[in-house]
file data-v4.cif (mmCIF, C-alpha atoms)
data_final
loop_
_atom_site.group_PDB
_atom_site.id
_atom_site.type_symbol
_atom_site.label_atom_id
_atom_site.label_comp_id
_atom_site.auth_asym_id
_atom_site.auth_seq_id
_atom_site.Cartn_x
_atom_site.Cartn_y
_atom_site.Cartn_z
ATOM 1 C CA MET S 203 -124.513 88.385 55.148
ATOM 2 C CA THR S 204 -122.931 85.937 57.569
ATOM 3 C CA SER S 205 -120.477 87.402 60.067
ATOM 4 C CA ILE S 206 -116.791 86.985 59.286
ATOM 5 C CA PHE S 207 -116.388 85.433 62.729
ATOM 6 C CA VAL S 208 -118.531 82.423 61.826
ATOM 7 C CA SER S 209 -116.504 79.326 60.993
ATOM 8 C CA GLU S 210 -117.315 77.374 57.838
ATOM 9 C CA ARG S 211 -115.978 74.156 59.371
ATOM 10 C CA GLU S 212 -118.451 71.324 59.757
ATOM 11 C CA ALA S 213 -119.006 69.575 63.057
ATOM 12 C CA VAL S 214 -117.385 66.149 63.363
ATOM 13 C CA CYS S 215 -118.701 63.434 65.649
ATOM 14 C CA PRO S 216 -115.692 62.290 67.722
ATOM 15 C CA PRO S 217 -114.749 58.730 66.678
ATOM 16 C CA ASN S 218 -113.531 57.952 70.205
ATOM 17 C CA LEU S 219 -116.981 58.850 71.583
ATOM 18 C CA ILE S 220 -118.624 56.349 69.229
ATOM 19 C CA LYS S 221 -116.014 53.704 70.069
ATOM 20 C CA LEU S 222 -116.595 54.158 73.798
ATOM 21 C CA ALA S 223 -120.368 53.936 73.313
ATOM 22 C CA GLN S 224 -119.969 50.730 71.281
ATOM 23 C CA GLY S 225 -118.354 49.126 74.301
ATOM 24 C CA PHE S 226 -121.763 49.046 75.986
ATOM 25 C CA ALA S 227 -125.018 47.358 75.037
ATOM 26 C CA ALA S 228 -127.143 49.558 72.791
ATOM 27 C CA PRO S 229 -129.813 51.207 74.967
ATOM 28 C CA ARG S 230 -133.486 51.097 74.035
ATOM 29 C CA VAL S 231 -134.338 54.649 73.004
ATOM 30 C CA ALA S 232 -137.981 55.742 73.086
ATOM 31 C CA ILE S 233 -138.300 58.329 70.332
ATOM 32 C CA ALA S 234 -141.240 60.618 71.068
ATOM 33 C CA ARG S 235 -142.989 61.243 67.745
ATOM 34 C CA ALA S 236 -140.432 59.678 65.477
ATOM 35 C CA SER S 237 -142.699 60.375 62.496
ATOM 36 C CA ALA S 238 -140.429 62.854 60.672
ATOM 37 C CA PRO S 239 -137.262 62.664 58.530
ATOM 38 C CA LEU S 240 -134.726 64.050 61.042
ATOM 39 C CA PRO S 241 -135.451 61.768 64.015
ATOM 40 C CA MET S 242 -135.732 58.757 61.697
ATOM 41 C CA GLU S 243 -132.398 59.519 60.021
ATOM 42 C CA ALA S 244 -130.744 59.999 63.404
ATOM 43 C CA ALA S 245 -132.230 56.743 64.684
ATOM 44 C CA GLU S 246 -131.066 54.821 61.602
ATOM 45 C CA ASP S 247 -127.520 56.169 61.842
ATOM 46 C CA ALA S 248 -127.238 55.397 65.567
ATOM 47 C CA THR S 249 -128.816 51.957 65.159
ATOM 48 C CA LYS S 250 -126.448 50.993 62.363
ATOM 49 C CA ALA S 251 -123.535 52.191 64.522
ATOM 50 C CA GLY S 252 -124.665 49.817 67.266
ATOM 51 C CA ILE S 253 -125.335 52.495 69.880
ATOM 52 C CA MET S 254 -129.148 52.554 69.824
ATOM 53 C CA THR S 255 -132.087 50.157 69.742
ATOM 54 C CA PRO S 256 -135.025 52.308 68.642
ATOM 55 C CA VAL S 257 -138.465 52.192 70.230
ATOM 56 C CA PHE S 258 -140.672 54.163 67.857
ATOM 57 C CA VAL S 259 -143.536 56.256 69.203
ATOM 58 C CA GLY S 260 -145.841 58.273 66.961
ATOM 59 C CA GLU S 261 -148.098 57.925 63.957
ATOM 60 C CA ALA S 262 -147.287 54.373 62.853
ATOM 61 C CA ASP S 263 -148.154 54.819 59.185
ATOM 62 C CA VAL S 264 -145.948 57.921 58.907
ATOM 63 C CA ILE S 265 -143.069 56.225 60.760
ATOM 64 C CA ARG S 266 -143.203 53.260 58.386
ATOM 65 C CA ALA S 267 -143.356 55.603 55.390
ATOM 66 C CA GLU S 268 -140.274 57.517 56.590
ATOM 67 C CA ALA S 269 -138.436 54.229 57.141
ATOM 68 C CA ASP S 270 -139.335 53.146 53.604
ATOM 69 C CA LYS S 271 -137.824 56.364 52.252
ATOM 70 C CA LEU S 272 -134.573 55.363 53.962
ATOM 71 C CA ASP S 273 -134.901 51.772 52.739
ATOM 72 C CA TRP S 274 -134.745 50.752 56.399
ATOM 73 C CA ASP S 275 -136.588 47.663 57.601
ATOM 74 C CA ILE S 276 -137.922 48.515 61.063
ATOM 75 C CA SER S 277 -140.212 45.491 61.419
ATOM 76 C CA GLY S 278 -138.003 44.055 64.152
ATOM 77 C CA TYR S 279 -138.342 47.080 66.446
ATOM 78 C CA ALA S 280 -141.110 48.090 68.838
ATOM 79 C CA LEU S 281 -143.576 50.632 67.437
ATOM 80 C CA HIS S 282 -146.257 52.367 69.517
ATOM 81 C CA ASP S 283 -148.985 54.014 67.466
ATOM 82 C CA THR S 284 -150.046 57.388 68.881
ATOM 83 C CA THR S 285 -151.730 60.528 67.619
ATOM 84 C CA GLY S 286 -150.337 64.043 68.059
ATOM 85 C CA GLU S 287 -147.542 65.523 70.133
ATOM 86 C CA GLU S 288 -148.933 65.161 73.638
ATOM 87 C CA GLU S 289 -149.842 61.482 73.359
ATOM 88 C CA ALA S 290 -146.481 60.662 71.795
ATOM 89 C CA GLY S 291 -144.567 62.506 74.504
ATOM 90 C CA MET S 292 -146.509 60.944 77.351
ATOM 91 C CA THR S 293 -146.294 57.445 75.868
ATOM 92 C CA ALA S 294 -142.533 57.645 75.282
ATOM 93 C CA ALA S 295 -141.900 59.008 78.783
ATOM 94 C CA ARG S 296 -144.114 56.348 80.348
ATOM 95 C CA LEU S 297 -142.238 53.585 78.525
ATOM 96 C CA CYS S 298 -139.023 54.873 80.121
ATOM 97 C CA GLY S 299 -140.631 55.171 83.537
ATOM 98 C CA GLU S 300 -141.925 51.598 83.332
ATOM 99 C CA GLY S 301 -138.536 50.209 82.316
ATOM 100 C CA GLU S 302 -139.494 49.481 78.705
ATOM 101 C CA ALA S 303 -136.869 51.908 77.402
ATOM 102 C CA ASP S 304 -133.512 53.192 78.665
ATOM 103 C CA VAL S 305 -133.372 56.639 77.031
ATOM 104 C CA LEU S 306 -136.003 59.246 76.157
ATOM 105 C CA MET S 307 -135.443 61.118 72.874
ATOM 106 C CA LYS S 308 -137.256 64.129 71.447
ATOM 107 C CA GLY S 309 -138.599 63.665 67.939
ATOM 108 C CA GLN S 310 -140.975 65.883 65.959
ATOM 109 C CA LEU S 311 -142.682 67.721 68.809
ATOM 110 C CA HIS S 312 -142.306 71.019 70.610
ATOM 111 C CA THR S 313 -139.772 71.129 73.441
ATOM 112 C CA ASP S 314 -142.296 72.351 76.028
ATOM 113 C CA VAL S 315 -144.631 69.437 75.263
ATOM 114 C CA PHE S 316 -141.743 66.971 75.385
ATOM 115 C CA MET S 317 -140.343 68.241 78.689
ATOM 116 C CA LYS S 318 -143.817 68.414 80.242
ATOM 117 C CA SER S 319 -144.081 64.683 79.541
ATOM 118 C CA ALA S 320 -140.650 64.052 81.051
ATOM 119 C CA VAL S 321 -141.374 65.882 84.312
ATOM 120 C CA SER S 322 -144.923 64.548 84.735
ATOM 121 C CA ARG S 323 -145.130 62.585 87.988
ATOM 122 C CA ASP S 324 -147.444 60.113 86.259
ATOM 123 C CA ASN S 325 -144.601 58.852 84.043
ATOM 124 C CA GLY S 326 -142.139 57.904 86.784
ATOM 125 C CA LEU S 327 -139.011 59.688 85.556
ATOM 126 C CA ARG S 328 -138.497 62.059 88.461
ATOM 127 C CA THR S 329 -135.818 61.126 90.996
ATOM 128 C CA GLY S 330 -135.899 64.092 93.356
ATOM 129 C CA LYS S 331 -133.036 65.810 91.532
ATOM 130 C CA ARG S 332 -133.406 68.804 89.264
ATOM 131 C CA PHE S 333 -133.103 68.071 85.563
ATOM 132 C CA VAL S 334 -129.902 69.615 84.194
ATOM 133 C CA HIS S 335 -128.712 69.803 80.615
ATOM 134 C CA ILE S 336 -125.094 68.971 79.763
ATOM 135 C CA PHE S 337 -123.344 69.722 76.482
ATOM 136 C CA HIS S 338 -120.267 67.763 75.419
ATOM 137 C CA ILE S 339 -118.416 70.085 73.015
ATOM 138 C CA SER S 340 -115.644 68.646 70.855
ATOM 139 C CA HIS S 341 -113.406 70.392 68.316
ATOM 140 C CA PRO S 342 -113.219 69.148 64.695
ATOM 141 C CA ASP S 343 -109.439 68.724 65.091
ATOM 142 C CA GLY S 344 -109.908 66.459 68.099
ATOM 143 C CA GLY S 345 -108.267 67.077 71.450
ATOM 144 C CA LYS S 346 -109.886 67.267 74.855
ATOM 145 C CA PRO S 347 -113.605 68.083 74.794
ATOM 146 C CA ILE S 348 -115.270 70.356 77.330
ATOM 147 C CA LEU S 349 -118.623 69.959 79.072
ATOM 148 C CA ILE S 350 -121.034 72.840 79.729
ATOM 149 C CA SER S 351 -124.003 72.865 82.095
ATOM 150 C CA ASP S 352 -126.699 74.209 81.908
ATOM 151 C CA ALA S 353 -127.359 75.799 78.519
ATOM 152 C CA ALA S 354 -130.851 74.606 77.678
ATOM 153 C CA VAL S 355 -133.134 73.715 80.606
ATOM 154 C CA ASN S 356 -132.721 75.816 83.768
ATOM 155 C CA VAL S 357 -133.134 79.539 83.119
ATOM 156 C CA SER S 358 -131.724 80.907 86.365
ATOM 157 C CA PRO S 359 -130.592 77.928 88.470
ATOM 158 C CA ASN S 360 -130.186 78.378 92.207
ATOM 159 C CA LEU S 361 -127.160 77.094 94.088
ATOM 160 C CA GLU S 362 -128.722 73.700 94.792
ATOM 161 C CA THR S 363 -129.488 73.157 91.112
ATOM 162 C CA ARG S 364 -125.926 74.077 90.162
ATOM 163 C CA GLN S 365 -124.624 71.710 92.826
ATOM 164 C CA ASN S 366 -126.680 68.960 91.181
ATOM 165 C CA ALA S 367 -125.225 70.024 87.831
ATOM 166 C CA MET S 368 -121.684 69.752 89.202
ATOM 167 C CA GLU S 369 -122.364 66.236 90.478
ATOM 168 C CA GLU S 370 -123.826 65.187 87.123
ATOM 169 C CA VAL S 371 -120.950 66.704 85.131
ATOM 170 C CA VAL S 372 -118.356 64.982 87.328
ATOM 171 C CA ASP S 373 -120.185 61.671 86.977
ATOM 172 C CA LEU S 374 -120.394 61.978 83.175
ATOM 173 C CA LEU S 375 -116.743 62.990 82.853
ATOM 174 C CA GLN S 376 -115.696 59.961 84.874
ATOM 175 C CA ARG S 377 -117.817 57.730 82.651
ATOM 176 C CA LEU S 378 -115.982 59.303 79.707
ATOM 177 C CA GLY S 379 -112.644 58.339 81.228
ATOM 178 C CA THR S 380 -111.538 61.432 83.142
ATOM 179 C CA GLU S 381 -110.524 60.033 86.518
ATOM 180 C CA ARG S 382 -110.343 63.374 88.354
ATOM 181 C CA PRO S 383 -112.393 66.005 86.500
ATOM 182 C CA LYS S 384 -111.573 69.705 86.616
ATOM 183 C CA LEU S 385 -114.616 71.967 86.922
ATOM 184 C CA ALA S 386 -114.663 75.740 86.501
ATOM 185 C CA ILE S 387 -117.418 78.010 87.828
ATOM 186 C CA LEU S 388 -117.992 80.734 85.226
ATOM 187 C CA SER S 389 -118.282 84.416 86.100
ATOM 188 C CA ALA S 390 -116.943 87.682 84.690
ATOM 189 C CA THR S 391 -114.098 87.846 87.193
ATOM 190 C CA GLU S 392 -111.845 85.635 89.274
ATOM 191 C CA SER S 393 -112.458 87.760 92.378
ATOM 192 C CA PRO S 394 -115.626 87.464 94.487
ATOM 193 C CA ILE S 395 -117.297 90.880 94.184
ATOM 194 C CA PRO S 396 -120.716 91.589 95.761
ATOM 195 C CA SER S 397 -121.758 93.684 92.767
ATOM 196 C CA VAL S 398 -121.246 90.611 90.526
ATOM 197 C CA PRO S 399 -123.581 87.976 92.027
ATOM 198 C CA SER S 400 -122.237 85.133 89.866
ATOM 199 C CA SER S 401 -118.769 85.681 91.338
ATOM 200 C CA MET S 402 -120.104 85.318 94.875
ATOM 201 C CA ASP S 403 -121.993 82.193 93.797
ATOM 202 C CA GLY S 404 -118.799 80.892 92.198
ATOM 203 C CA GLN S 405 -116.940 81.169 95.482
ATOM 204 C CA ALA S 406 -119.808 79.503 97.373
ATOM 205 C CA LEU S 407 -119.992 76.625 94.884
ATOM 206 C CA ALA S 408 -116.233 76.085 94.938
ATOM 207 C CA ASN S 409 -116.291 75.972 98.740
ATOM 208 C CA TRP S 410 -119.195 73.492 98.663
ATOM 209 C CA ALA S 411 -117.292 71.314 96.206
ATOM 210 C CA LYS S 412 -114.273 71.065 98.504
ATOM 211 C CA GLU S 413 -116.470 69.327 101.066
ATOM 212 C CA ASN S 414 -118.731 67.356 98.727
ATOM 213 C CA LEU S 415 -116.825 66.548 95.517
ATOM 214 C CA LYS S 416 -113.721 64.820 96.806
ATOM 215 C CA ASP S 417 -112.939 63.206 93.447
ATOM 216 C CA ALA S 418 -112.799 66.452 91.442
ATOM 217 C CA ASP S 419 -110.907 69.747 91.362
ATOM 218 C CA VAL S 420 -113.217 72.767 91.322
ATOM 219 C CA SER S 421 -112.227 76.397 90.949
ATOM 220 C CA GLY S 422 -114.336 79.519 90.921
ATOM 221 C CA PRO S 423 -115.174 82.132 90.188
ATOM 222 C CA LEU S 424 -113.240 82.171 86.907
ATOM 223 C CA ALA S 425 -113.661 84.338 83.822
ATOM 224 C CA LEU S 426 -113.734 82.526 80.485
ATOM 225 C CA ASP S 427 -110.163 83.426 79.498
ATOM 226 C CA LEU S 428 -108.894 81.849 82.706
ATOM 227 C CA ILE S 429 -110.964 78.736 82.068
ATOM 228 C CA LEU S 430 -109.693 78.146 78.531
ATOM 229 C CA SER S 431 -106.227 79.688 78.353
ATOM 230 C CA SER S 432 -103.237 78.522 80.383
ATOM 231 C CA LYS S 433 -101.388 81.597 79.130
ATOM 232 C CA ALA S 434 -104.056 83.913 80.561
ATOM 233 C CA ALA S 435 -103.996 81.958 83.812
ATOM 234 C CA ALA S 436 -100.212 82.328 84.119
ATOM 235 C CA THR S 437 -100.354 86.027 83.249
ATOM 236 C CA LYS S 438 -102.947 86.645 85.975
ATOM 237 C CA GLY S 439 -101.079 84.665 88.606
ATOM 238 C CA LEU S 440 -103.209 81.519 88.492
ATOM 239 C CA GLY S 441 -100.625 79.246 86.903
ATOM 240 C CA ASP S 442 -100.740 76.909 89.904
ATOM 241 C CA ASP S 443 -104.534 76.638 89.925
ATOM 242 C CA PRO S 444 -105.403 72.999 89.031
ATOM 243 C CA VAL S 445 -108.366 74.048 86.870
ATOM 244 C CA ALA S 446 -107.447 77.379 85.257
ATOM 245 C CA GLY S 447 -106.495 76.935 81.622
ATOM 246 C CA ASP S 448 -107.280 73.206 81.663
ATOM 247 C CA ALA S 449 -110.960 72.801 82.596
ATOM 248 C CA ASP S 450 -112.910 69.675 81.675
ATOM 249 C CA GLY S 451 -116.267 71.213 82.508
ATOM 250 C CA ILE S 452 -117.878 74.617 82.973
ATOM 251 C CA ILE S 453 -120.800 75.397 85.270
ATOM 252 C CA VAL S 454 -122.558 78.532 84.043
ATOM 253 C CA PRO S 455 -124.633 80.937 86.145
ATOM 254 C CA ASP S 456 -127.672 81.100 83.860
ATOM 255 C CA ILE S 457 -129.127 79.915 80.575
ATOM 256 C CA VAL S 458 -128.116 83.068 78.676
ATOM 257 C CA SER S 459 -124.400 82.670 79.347
ATOM 258 C CA GLY S 460 -124.553 78.912 78.811
ATOM 259 C CA ASN S 461 -126.475 79.189 75.576
ATOM 260 C CA ALA S 462 -124.176 81.914 74.247
ATOM 261 C CA LEU S 463 -121.063 79.946 75.232
ATOM 262 C CA PHE S 464 -122.060 76.683 73.573
ATOM 263 C CA LYS S 465 -123.251 78.424 70.402
ATOM 264 C CA ALA S 466 -120.010 80.396 70.226
ATOM 265 C CA MET S 467 -118.042 77.143 70.357
ATOM 266 C CA VAL S 468 -120.261 75.629 67.658
ATOM 267 C CA TYR S 469 -120.504 78.574 65.276
ATOM 268 C CA LEU S 470 -117.067 80.126 65.777
ATOM 269 C CA SER S 471 -114.926 76.987 65.832
ATOM 270 C CA GLY S 472 -117.041 74.238 64.275
ATOM 271 C CA GLY S 473 -117.572 72.440 67.562
ATOM 272 C CA CYS S 474 -119.800 69.377 67.779
ATOM 273 C CA ALA S 475 -122.332 69.762 70.604
ATOM 274 C CA ALA S 476 -123.709 66.507 71.982
ATOM 275 C CA GLY S 477 -126.304 67.067 74.660
ATOM 276 C CA ILE S 478 -128.191 65.086 77.279
ATOM 277 C CA VAL S 479 -130.461 65.960 80.188
ATOM 278 C CA SER S 480 -129.449 64.282 83.456
ATOM 279 C CA GLY S 481 -131.249 63.991 86.760
ATOM 280 C CA ALA S 482 -134.131 61.834 85.521
ATOM 281 C CA LYS S 483 -134.485 58.058 85.792
ATOM 282 C CA VAL S 484 -133.096 57.810 82.250
ATOM 283 C CA PRO S 485 -130.946 60.105 80.103
ATOM 284 C CA ILE S 486 -132.998 62.482 77.954
ATOM 285 C CA LEU S 487 -131.976 63.514 74.432
ATOM 286 C CA LEU S 488 -133.269 67.023 73.823
ATOM 287 C CA THR S 489 -132.403 67.254 70.143
ATOM 288 C CA SER S 490 -133.078 70.290 67.936
ATOM 289 C CA ARG S 491 -134.038 70.614 64.300
ATOM 290 C CA ALA S 492 -130.924 72.775 63.910
ATOM 291 C CA ASP S 493 -128.606 69.989 65.104
ATOM 292 C CA PRO S 494 -126.347 68.623 62.359
ATOM 293 C CA ALA S 495 -126.112 64.866 61.865
ATOM 294 C CA ALA S 496 -122.780 64.775 63.730
ATOM 295 C CA ALA S 497 -124.329 66.299 66.855
ATOM 296 C CA ARG S 498 -127.265 63.896 66.773
ATOM 297 C CA MET S 499 -124.934 60.913 66.508
ATOM 298 C CA ALA S 500 -122.688 62.245 69.278
ATOM 299 C CA SER S 501 -125.741 62.791 71.512
ATOM 300 C CA ALA S 502 -126.845 59.190 70.992
ATOM 301 C CA ALA S 503 -123.335 58.029 71.879
ATOM 302 C CA LEU S 504 -123.326 60.165 75.008
ATOM 303 C CA ALA S 505 -126.638 58.647 76.108
ATOM 304 C CA ALA S 506 -125.294 55.122 75.571
ATOM 305 C CA ILE S 507 -122.220 55.949 77.666
ATOM 306 C CA ARG S 508 -124.382 57.519 80.372
ATOM 307 C CA CYS S 509 -126.532 54.376 80.510
ATOM 308 C CA GLY S 510 -123.452 52.150 80.625
ATOM 309 C CA LEU S 511 -125.427 48.961 79.983
ATOM 310 C CA PRO S 512 -123.275 45.800 80.055
ATOM 311 C CA LYS S 513 -123.067 43.766 76.848
#
call {"tool": "encode", "arguments": {"input": "data-v4.cif", "output": "C-alpha cells"}}
result
Amino acid sequence: MTSIFVSEREAVCPPNLIKLAQGFAAPRVAIARASAPLPMEAAEDATKAGIMTPVFVGEADVIRAEADKLDWDISGYALHDTTGEEEAGMTAARLCGEGEADVLMKGQLHTDVFMKSAVSRDNGLRTGKRFVHIFHISHPDGGKPILISDAAVNVSPNLETRQNAMEEVVDLLQRLGTERPKLAILSATESPIPSVPSSMDGQALANWAKENLKDADVSGPLALDLILSSKAAATKGLGDDPVAGDADGIIVPDIVSGNALFKAMVYLSGGCAAGIVSGAKVPILLTSRADPAAARMASAALAAIRCGLPK
C-alpha cells in the first residue's frame, strides 16, 4: 500500500523553461544507446519542441525500428551504429569531446558504464572540475523553482567539490534569469556545532562564498525549515537573512541527503525534477528509467539553456 504522504499529482514540465530553451539554437544531443522506447520517445518530444537535434548512437536497426513505432522519420539525423553498452557510451562521449555534439545523454545503458565513458580521459570531456549533478525542481502549480546539488553523482563531496557545485548552481541560475541567486548550505542546524560536521562545513562554505561568489547571496549552515519557510526563519530570528525562507538553490552535504530531498519534493508534492551534470565540456543528461516524460522534457530544456547556443 502506498503511503498516505505520497502525492498523486503528476509532474508538469514548466512551460517557461521550454520557452526559454526555445530562445536558443537546439543543441546536438548525442544519445548513448538510443535503441529503446524511452530515450527515443524523449528525443522525439524534445526534437519536435525545437530544443534538441538528436545524434543517435546505438544499434542502428533497433533505433530505426523504434522510430518507426513512433512514426518518426529520423533519416535526416546523424546515426552511429554501435554494438552494446560500452561502445555506445564511448562513441557518444567521444562525439561530444570532438565537438560533433553539444550534449551527452544517457539512453538504454547502465549508469556506471555511461559515466565511465564521460570521465574517460580518452574522450576529451574533462575540464579539471569535478562533475556535479544539479536538479531543477519545479512545482506543478508553478512558482519559483529550486535547484539542488548534488543528489546523484558525488557520494560524499569534499569542500572543493561543493565549492565547484556552488559555482555551477550560481551559473545555471543566472542563465535561468536569476540575477543574484540565493544559495543555502544544508545541515541539521543553523549553528556551527563540531559534533555536526555538515554545520561546520556550512559555515566554511558560506565564508568561502563571501570572498569568491560576489554575485550571489550564500547562507549556511541552515536547516531545511529555514531554507524553505520564511515563517520559520522569522520565528528563529533569521528574518533579515537574505537567503533564509527564499533560497534559489540548496547545496547538500552528501548524496543521501540530496537524494532524499529531491525524491521528497517529487513524491510528496508532485515536483518535476530536471537534472543535468555540470563540470564537463558539455552538459550531461543522466536520465533514469523512472523519470516521467515531463522530467525528461524539462531536462532537455535545461541542457539547451545551459548550452546557450545562439540561433
call {"tool": "closest_residue", "arguments": {"input": "data-v4.cif", "among": "S:Ala434, S:Asp373, S:Gly291, S:Ala502", "to": "Arg230 of chain S", "atoms": "only C-alpha atoms"}}
result
S:Ala502
call {"tool": "resolve_selection", "arguments": {"input": "data-v4.cif", "expression": "the PyMOL selection byres ((chain S and resi 305-312) around 6)", "output": "CSV table (one decimal) with C-alpha atoms, in the frame of the given file"}}
result
chain,number,residue,atom,x,y,z
S,231,VAL,CA,-134.3,54.6,73.0
S,232,ALA,CA,-138.0,55.7,73.1
S,233,ILE,CA,-138.3,58.3,70.3
S,234,ALA,CA,-141.2,60.6,71.1
S,235,ARG,CA,-143.0,61.2,67.7
S,236,ALA,CA,-140.4,59.7,65.5
S,241,PRO,CA,-135.5,61.8,64.0
S,287,GLU,CA,-147.5,65.5,70.1
S,303,ALA,CA,-136.9,51.9,77.4
S,304,ASP,CA,-133.5,53.2,78.7
S,313,THR,CA,-139.8,71.1,73.4
S,314,ASP,CA,-142.3,72.4,76.0
S,315,VAL,CA,-144.6,69.4,75.3
S,484,VAL,CA,-133.1,57.8,82.2
S,485,PRO,CA,-130.9,60.1,80.1
S,486,ILE,CA,-133.0,62.5,78.0
S,487,LEU,CA,-132.0,63.5,74.4
S,488,LEU,CA,-133.3,67.0,73.8
S,489,THR,CA,-132.4,67.3,70.1
call {"tool": "residues_around", "arguments": {"input": "data-v4.cif", "residues": "Ile336 of chain S", "least_positions_apart": "6", "cutoff": "9 Å", "atoms": "all atoms listed in the file", "output": "MDAnalysis selection string"}}
result
chainID S and resid 349:354 367 370:371 476:480
call {"tool": "closest_residue", "arguments": {"input": "data-v4.cif", "among": "S:Leu504, S:Ile220, S:Ala238, S:Ala482", "to": "Lys331 of chain S", "atoms": "all atoms listed in the file"}}
result
S:Ala482
call {"tool": "residues_around", "arguments": {"input": "data-v4.cif", "residues": "Thr293 of chain S", "least_positions_apart": "2", "cutoff": "12 Å", "atoms": "only C-alpha atoms", "output": "JSON, numbers by chain"}}
result
{"S": [232, 233, 234, 235, 257, 258, 259, 260, 281, 282, 283, 284, 285, 286, 287, 288, 289, 290, 291, 295, 296, 297, 298, 299, 300, 302, 303, 306, 307, 316, 319, 320, 322, 324, 325, 326]}
call {"tool": "write_last_selection", "arguments": {"input": "data-v4.cif", "atoms": "C-alpha atoms", "output": "PDB file, in the coordinates of the input"}}
result
ATOM      1  CA  ALA S 232    -137.981  55.742  73.086  1.00  0.00           C
ATOM      2  CA  ILE S 233    -138.300  58.329  70.332  1.00  0.00           C
ATOM      3  CA  ALA S 234    -141.240  60.618  71.068  1.00  0.00           C
ATOM      4  CA  ARG S 235    -142.989  61.243  67.745  1.00  0.00           C
ATOM      5  CA  VAL S 257    -138.465  52.192  70.230  1.00  0.00           C
ATOM      6  CA  PHE S 258    -140.672  54.163  67.857  1.00  0.00           C
ATOM      7  CA  VAL S 259    -143.536  56.256  69.203  1.00  0.00           C
ATOM      8  CA  GLY S 260    -145.841  58.273  66.961  1.00  0.00           C
ATOM      9  CA  LEU S 281    -143.576  50.632  67.437  1.00  0.00           C
ATOM     10  CA  HIS S 282    -146.257  52.367  69.517  1.00  0.00           C
ATOM     11  CA  ASP S 283    -148.985  54.014  67.466  1.00  0.00           C
ATOM     12  CA  THR S 284    -150.046  57.388  68.881  1.00  0.00           C
ATOM     13  CA  THR S 285    -151.730  60.528  67.619  1.00  0.00           C
ATOM     14  CA  GLY S 286    -150.337  64.043  68.059  1.00  0.00           C
ATOM     15  CA  GLU S 287    -147.542  65.523  70.133  1.00  0.00           C
ATOM     16  CA  GLU S 288    -148.933  65.161  73.638  1.00  0.00           C
ATOM     17  CA  GLU S 289    -149.842  61.482  73.359  1.00  0.00           C
ATOM     18  CA  ALA S 290    -146.481  60.662  71.795  1.00  0.00           C
ATOM     19  CA  GLY S 291    -144.567  62.506  74.504  1.00  0.00           C
ATOM     20  CA  ALA S 295    -141.900  59.008  78.783  1.00  0.00           C
ATOM     21  CA  ARG S 296    -144.114  56.348  80.348  1.00  0.00           C
ATOM     22  CA  LEU S 297    -142.238  53.585  78.525  1.00  0.00           C
ATOM     23  CA  CYS S 298    -139.023  54.873  80.121  1.00  0.00           C
ATOM     24  CA  GLY S 299    -140.631  55.171  83.537  1.00  0.00           C
ATOM     25  CA  GLU S 300    -141.925  51.598  83.332  1.00  0.00           C
ATOM     26  CA  GLU S 302    -139.494  49.481  78.705  1.00  0.00           C
ATOM     27  CA  ALA S 303    -136.869  51.908  77.402  1.00  0.00           C
ATOM     28  CA  LEU S 306    -136.003  59.246  76.157  1.00  0.00           C
ATOM     29  CA  MET S 307    -135.443  61.118  72.874  1.00  0.00           C
ATOM     30  CA  PHE S 316    -141.743  66.971  75.385  1.00  0.00           C
ATOM     31  CA  SER S 319    -144.081  64.683  79.541  1.00  0.00           C
ATOM     32  CA  ALA S 320    -140.650  64.052  81.051  1.00  0.00           C
ATOM     33  CA  SER S 322    -144.923  64.548  84.735  1.00  0.00           C
ATOM     34  CA  ASP S 324    -147.444  60.113  86.259  1.00  0.00           C
ATOM     35  CA  ASN S 325    -144.601  58.852  84.043  1.00  0.00           C
ATOM     36  CA  GLY S 326    -142.139  57.904  86.784  1.00  0.00           C
TER      37      GLY S 326
END
call {"tool": "decode", "arguments": {"input": "data-v4.cif", "residues": "segment 249-259 of chain S", "atoms": "N, CA and C atoms", "output": "short mmCIF file (atom, residue, chain, number, x, y, z; two decimals), in the first residue's frame"}}
result
data_model
loop_
_atom_site.label_atom_id
_atom_site.label_comp_id
_atom_site.auth_asym_id
_atom_site.auth_seq_id
_atom_site.Cartn_x
_atom_site.Cartn_y
_atom_site.Cartn_z
N THR S 249 12.78 17.04 -29.77
CA THR S 249 13.07 17.48 -31.13
C THR S 249 11.90 18.26 -31.71
N LYS S 250 10.69 17.74 -31.50
CA LYS S 250 9.50 18.42 -32.01
C LYS S 250 9.26 19.75 -31.30
N ALA S 251 9.76 19.86 -30.05
CA ALA S 251 9.63 21.13 -29.32
C ALA S 251 10.70 22.14 -29.73
N GLY S 252 11.66 21.69 -30.55
CA GLY S 252 12.70 22.59 -31.03
C GLY S 252 13.82 22.84 -30.04
N ILE S 253 14.02 21.91 -29.10
CA ILE S 253 15.07 22.12 -28.10
C ILE S 253 16.14 21.03 -28.16
N MET S 254 16.11 20.20 -29.19
CA MET S 254 17.11 19.15 -29.35
C MET S 254 17.26 18.80 -30.83
N THR S 255 18.51 18.55 -31.23
CA THR S 255 18.80 17.92 -32.51
C THR S 255 19.48 16.60 -32.19
N PRO S 256 18.79 15.48 -32.37
CA PRO S 256 19.35 14.20 -31.91
C PRO S 256 20.51 13.70 -32.76
N VAL S 257 21.48 13.10 -32.08
CA VAL S 257 22.56 12.36 -32.71
C VAL S 257 22.47 10.96 -32.13
N PHE S 258 21.96 10.03 -32.90
CA PHE S 258 21.66 8.69 -32.39
C PHE S 258 22.92 7.82 -32.36
N VAL S 259 23.10 7.13 -31.23
CA VAL S 259 24.22 6.21 -31.09
C VAL S 259 23.67 4.90 -30.52
#
